[in-house]
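Each remark here refers to the structure printed beneath this line.
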Amino acid sequence: MADGSGNMTAMDLYESLTSQGELVRTLKTEKAVKADIDAAVKLLLKLKADYKQVTGQDYKAGCPPLESTVLEDTGPAAAVDGEDMVDPWNVSTTSAKGVDYDKLIVRFGSSKVDQELVDRIERVSGKKPHRFLRRGIFFSHRDMHQVLDAYEKNKSFYLYTGRGPSSEAMHVGHLIPFIFTKWLQDTFDIPLVIQLTDDEKYLWKDLSLEDCHRYAVENAKDIIACGFDVNKTFIFSDLDYMGASPDFYRNVVKIQKHVTFNQVKGIFGFGDSDCIGKIAFPAIQAAPSFSNSFPQIFKGRKDIQCLIPCAIDQDPYFRMTRDVAPRIGYPKPALLHSTFFPALQGAQTKMSASDANSSIFLTDTPKQIKNKVNKHAFSGGKDTIEEHRKYGGNPDVDVSFMYLTFFLEDDEQLDKIRQDYASGALLTGELKKRLIDTLQPMITAHQERRKQVTEEMVLKFMTPRPLDFNF
């Protein structure tokens, strides 16, 4: 609504910016004519300038101007104007090095996992930090110092992570949060809840409800094969647990009451043609952040802090959760964010479960792993052996080296591989062989553990029950 002078109000500009941002994203996604994209971006930039002039603030998707306040803690779920695109469903960048995570920290308003925090985790836990912490793979956090403050005062916390089961087979990238979560659970001796969002996959994908639930159970077997302790871990399917737990559903409804349609549109980019299930779903992903969603574990207590290890693309859900938490009387969940696991073809996008050649699957044979790495892993090497020996390769864009940073435990060995590759002493084929030799036994061992997971074990992990903890 324009004010009396005929000028647009701050709210008018905000709504116009939100619509224009969606238009730019749509044009880019649909690969529209360049002139149309340029014109839309030009108008977007003008609206941003007008907005700043009127409000004195930079436009931020999901953050209406202060005159009509609400979500103070949200930032854009996805960017325009050539920046990296990061939201819960899409990740892309034009850089061969991958997403610029320092910029993402600024955009999302989180804090960097710096050496001081890594050292503090080591001091408090008495354990060597996991390689994911040492190497900046878990690179960003919200309130981790607060979690450690409480832990030093003998106040425990619990872990929550999850998986969206869109296919029967998981790939190695899906293991990252679970490998790290297991380390956190073992290190701090705390309970863990794992949400399988089979309802989300039904809403977003062209899959039957039965298939989504079946994928959840199959994915649970891979998660259990990571070595979680059944006495400390509850894995649940939303399709099962929502109907079986009144306390969980009551929290979902509380969250839904405190988030408006405008807010979820701003945070997640939902449009008028999206089904209402999508609009309601974020509250379901938020609910496990609150301990009284699990009365069988926490005996109805609502004051136990939650720590969520997840990839950074899931952060929009938890910015929303953190905004709602104090308004419904609950502690804000803390977060540890990981980088993305790159596709074999390069770090411009994350692995896709729907593209067999973009991923190393947990079902792949040693021969398939070897062929995929040799044929599809993007190389940072030079075109000829002579050039490579003379000028060296670029480990920062080489996918085989990136994968080794995730899976090779020895820091000194990894550093030597980096130096040798950059100097030209190590050839691309030799680097790929190092990766193959690392992945093959790791995945074979995972497959062996998965074979030991029985239906009875899955049922035990997925049955609501008390865990071995006293708070």
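Residues in the structure tokens are named by chain (A, B, ... in the order shown) and by number from 1 within that chain; ligands are numbered from 1 in the order shown.
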Using only C-alpha atoms, which residues sit within 12 Å of Pro282 of chain A once same-chain residues fewer than 3 positions away are excluded, as a JSON list (two decimals) with N, CA and C atoms, in the first residue's frame?
```
[["chain", "number", "residue", "atom", "x", "y", "z"],
["A", 88, "PRO", "N", 17.41, -25.64, 0.99],
["A", 88, "PRO", "CA", 17.31, -27.07, 1.34],
["A", 88, "PRO", "C", 17.16, -28.02, 0.16],
["A", 197, "THR", "N", 12.56, -38.09, 7.20],
["A", 197, "THR", "CA", 11.45, -37.26, 6.73],
["A", 197, "THR", "C", 10.80, -37.88, 5.48],
["A", 199, "ASP", "N", 7.70, -38.16, 5.04],
["A", 199, "ASP", "CA", 6.57, -37.29, 4.67],
["A", 199, "ASP", "C", 7.03, -36.18, 3.74],
["A", 200, "GLU", "N", 8.20, -35.59, 4.04],
["A", 200, "GLU", "CA", 8.74, -34.53, 3.17],
["A", 200, "GLU", "C", 8.96, -35.04, 1.75],
["A", 203, "LEU", "N", 5.86, -35.27, -0.22],
["A", 203, "LEU", "CA", 5.34, -33.95, -0.62],
["A", 203, "LEU", "C", 6.13, -33.33, -1.77],
["A", 252, "VAL", "N", 4.48, -29.53, 17.06],
["A", 252, "VAL", "CA", 4.31, -29.15, 15.66],
["A", 252, "VAL", "C", 3.27, -28.04, 15.55],
["A", 253, "VAL", "N", 2.14, -28.22, 16.22],
["A", 253, "VAL", "CA", 1.05, -27.24, 16.15],
["A", 253, "VAL", "C", 1.47, -25.90, 16.78],
["A", 255, "ILE", "N", 4.47, -24.65, 16.90],
["A", 255, "ILE", "CA", 5.38, -24.00, 15.95],
["A", 255, "ILE", "C", 4.58, -23.41, 14.79],
["A", 256, "GLN", "N", 3.63, -24.19, 14.26],
["A", 256, "GLN", "CA", 2.83, -23.71, 13.13],
["A", 256, "GLN", "C", 2.08, -22.42, 13.48],
["A", 258, "HIS", "N", 3.04, -20.04, 15.30],
["A", 258, "HIS", "CA", 3.94, -18.89, 15.45],
["A", 258, "HIS", "C", 4.73, -18.55, 14.19],
["A", 259, "VAL", "N", 4.42, -19.19, 13.08],
["A", 259, "VAL", "CA", 5.09, -18.86, 11.81],
["A", 259, "VAL", "C", 4.02, -18.55, 10.77],
["A", 260, "THR", "N", 4.12, -17.39, 10.12],
["A", 260, "THR", "CA", 3.11, -17.00, 9.15],
["A", 260, "THR", "C", 3.45, -17.54, 7.75],
["A", 261, "PHE", "N", 2.46, -17.53, 6.87],
["A", 261, "PHE", "CA", 2.65, -17.94, 5.49],
["A", 261, "PHE", "C", 3.69, -17.04, 4.82],
["A", 263, "GLN", "N", 6.19, -15.60, 6.18],
["A", 263, "GLN", "CA", 7.52, -15.96, 6.67],
["A", 263, "GLN", "C", 8.07, -17.19, 5.96],
["A", 264, "VAL", "N", 7.24, -18.25, 5.84],
["A", 264, "VAL", "CA", 7.77, -19.45, 5.16],
["A", 264, "VAL", "C", 8.02, -19.17, 3.69],
["A", 265, "LYS", "N", 7.22, -18.29, 3.08],
["A", 265, "LYS", "CA", 7.49, -17.91, 1.69],
["A", 265, "LYS", "C", 8.85, -17.22, 1.59],
["A", 267, "ILE", "N", 11.41, -17.45, 3.70],
["A", 267, "ILE", "CA", 12.53, -18.31, 4.09],
["A", 267, "ILE", "C", 12.78, -19.39, 3.04],
["A", 268, "PHE", "N", 11.70, -20.02, 2.57],
["A", 268, "PHE", "CA", 11.85, -21.21, 1.73],
["A", 268, "PHE", "C", 11.50, -20.99, 0.26],
["A", 270, "PHE", "N", 8.49, -20.65, -1.06],
["A", 270, "PHE", "CA", 7.28, -21.32, -1.52],
["A", 270, "PHE", "C", 6.43, -20.38, -2.37],
["A", 276, "ILE", "N", -0.21, -27.38, 0.23],
["A", 276, "ILE", "CA", -0.19, -26.87, 1.60],
["A", 276, "ILE", "C", 0.67, -27.74, 2.51],
["A", 277, "GLY", "N", 0.90, -28.99, 2.12],
["A", 277, "GLY", "CA", 1.77, -29.85, 2.92],
["A", 277, "GLY", "C", 3.18, -29.31, 3.01],
["A", 278, "LYS", "N", 3.68, -28.73, 1.92],
["A", 278, "LYS", "CA", 5.03, -28.15, 1.94],
["A", 278, "LYS", "C", 5.09, -26.98, 2.91],
["A", 279, "ILE", "N", 4.05, -26.18, 2.90],
["A", 279, "ILE", "CA", 4.03, -24.97, 3.74],
["A", 279, "ILE", "C", 4.01, -25.35, 5.22],
["A", 285, "GLN", "N", 9.99, -30.56, 10.81],
["A", 285, "GLN", "CA", 11.45, -30.68, 10.94],
["A", 285, "GLN", "C", 11.95, -29.92, 12.16],
["A", 286, "ALA", "N", 11.21, -28.90, 12.58],
["A", 286, "ALA", "CA", 11.62, -28.11, 13.75],
["A", 286, "ALA", "C", 11.36, -28.84, 15.07],
["A", 287, "ALA", "N", 10.27, -29.63, 15.13],
["A", 287, "ALA", "CA", 9.80, -30.19, 16.41],
["A", 287, "ALA", "C", 10.82, -31.05, 17.15],
["A", 288, "PRO", "N", 11.67, -31.86, 16.47],
["A", 288, "PRO", "CA", 12.64, -32.65, 17.23],
["A", 288, "PRO", "C", 13.70, -31.82, 17.95],
["A", 289, "SER", "N", 13.74, -30.50, 17.67],
["A", 289, "SER", "CA", 14.69, -29.61, 18.35],
["A", 289, "SER", "C", 14.31, -29.39, 19.81],
["A", 314, "GLN", "N", 20.45, -27.00, 5.33],
["A", 314, "GLN", "CA", 19.29, -27.21, 6.21],
["A", 314, "GLN", "C", 19.09, -26.06, 7.20],
["A", 315, "ASP", "N", 20.01, -25.10, 7.21],
["A", 315, "ASP", "CA", 19.95, -24.03, 8.21],
["A", 315, "ASP", "C", 18.66, -23.21, 8.16],
["A", 316, "PRO", "N", 18.07, -22.95, 6.98],
["A", 316, "PRO", "CA", 16.83, -22.16, 6.99],
["A", 316, "PRO", "C", 15.74, -22.73, 7.91],
["A", 317, "TYR", "N", 15.63, -24.05, 7.97],
["A", 317, "TYR", "CA", 14.66, -24.66, 8.88],
["A", 317, "TYR", "C", 14.92, -24.26, 10.32],
["A", 318, "PHE", "N", 16.20, -24.20, 10.67],
["A", 318, "PHE", "CA", 16.53, -24.01, 12.08],
["A", 318, "PHE", "C", 16.70, -22.54, 12.44],
["A", 319, "ARG", "N", 16.88, -21.67, 11.46],
["A", 319, "ARG", "CA", 16.74, -20.23, 11.74],
["A", 319, "ARG", "C", 15.30, -19.95, 12.15],
["A", 320, "MET", "N", 14.37, -20.55, 11.41],
["A", 320, "MET", "CA", 12.95, -20.42, 11.77],
["A", 320, "MET", "C", 12.70, -20.99, 13.17],
["A", 321, "THR", "N", 13.25, -22.18, 13.44],
["A", 321, "THR", "CA", 13.06, -22.85, 14.74],
["A", 321, "THR", "C", 13.59, -21.99, 15.88],
["A", 324, "VAL", "N", 11.30, -19.13, 16.73],
["A", 324, "VAL", "CA", 10.06, -19.52, 17.40],
["A", 324, "VAL", "C", 10.32, -19.97, 18.85]]
```
Set the distance at 6 Å and use only C-alpha atoms: which residues neighbour segment 102-112 of chain A once local chain neighbours fewer than 5 positions away are removed? I'd like the list as a PyMOL selection string. chain A and resi 75+139-142
Can you check which residues of segment 396-453 of chain A DSSP gives as alpha helix (DSSP H) on the backbone and send them as a ChimeraX atom specification? /A:399-407,411-423,428-451
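Closest approach to Phe178 of chain A among A:Leu17, A:Val113, A:Cys226, A:Leu44 is made by A:Cys226 (distances from only C-alpha atoms).
The residue set within 12 Å of Ile443 of chain A, counting only C-alpha atoms and dropping same-chain residues fewer than 6 places from it, reads Met170, His171, Val172, Leu175, Asp222, Ala225, Cys226, Ile360, Phe361, Leu362, Thr363, Asp364, Thr365, Pro366, Lys367, Gln368, Ile369, Phe407, Ile436, Asp437, Arg449 and Arg450 of chain A.
With only C-alpha atoms as the atoms that count, the minimum distance from Ser237 of chain A to the choices A:Tyr59, A:Phe461, A:Tyr51, A:Tyr101 is reached by A:Phe461.
Listed by chain and then by rising number, the residues of segment 37-255 of chain A that DSSP assigns to strand (DSSP E or B) from the backbone are Met85, Val86, Val91, Ser92, Ser111, Lys112, Phe138, Phe139, Ser140, His141, Arg142, Phe157, Tyr158, Leu159, Tyr160, Thr161, Gly162, Arg163, His171, Leu192, Val193, Ile194, Gln195, Leu196, Thr233, Phe234, Ile235, Phe236 and Ser237 of chain A.
For the residues A:Ile385, A:Val86, A:Leu23, A:Ile284, ranking by smallest atom-to-atom distance to Thr339 of chain A using only C-alpha atoms places A:Val86 first.
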In Å to one decimal, how far is atom CA of Lys31 of chain A from atom CA of Leu43 of chain A? 18.3 Å
Residue with smallest distance to Glu430 of chain A - pool A:Met144, A:Glu456, A:His130, A:Gly381, counting only C-alpha atoms: A:Gly381
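Nearest residue to Pro342 of chain A among A:Asp58, A:Asp84, A:Asp12, A:Asp398 is A:Asp398, counting only C-alpha atoms.
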Counting only C-alpha atoms, which residue out of A:Ala169, A:Ala283, A:Leu148, A:Ile297 sits closest to Arg465 of chain A? A:Ile297
Shell around segment 150-158 of chain A at 8 Å using only C-alpha atoms, local window under 3 positions removed, as a PyMOL selection string: chain A and resi 124+146-147+190-193+304-307+471
Correct to one decimal, the distance atom CA of Tyr403 of chain A-atom CA of Tyr421 of chain A is 14.4 Å
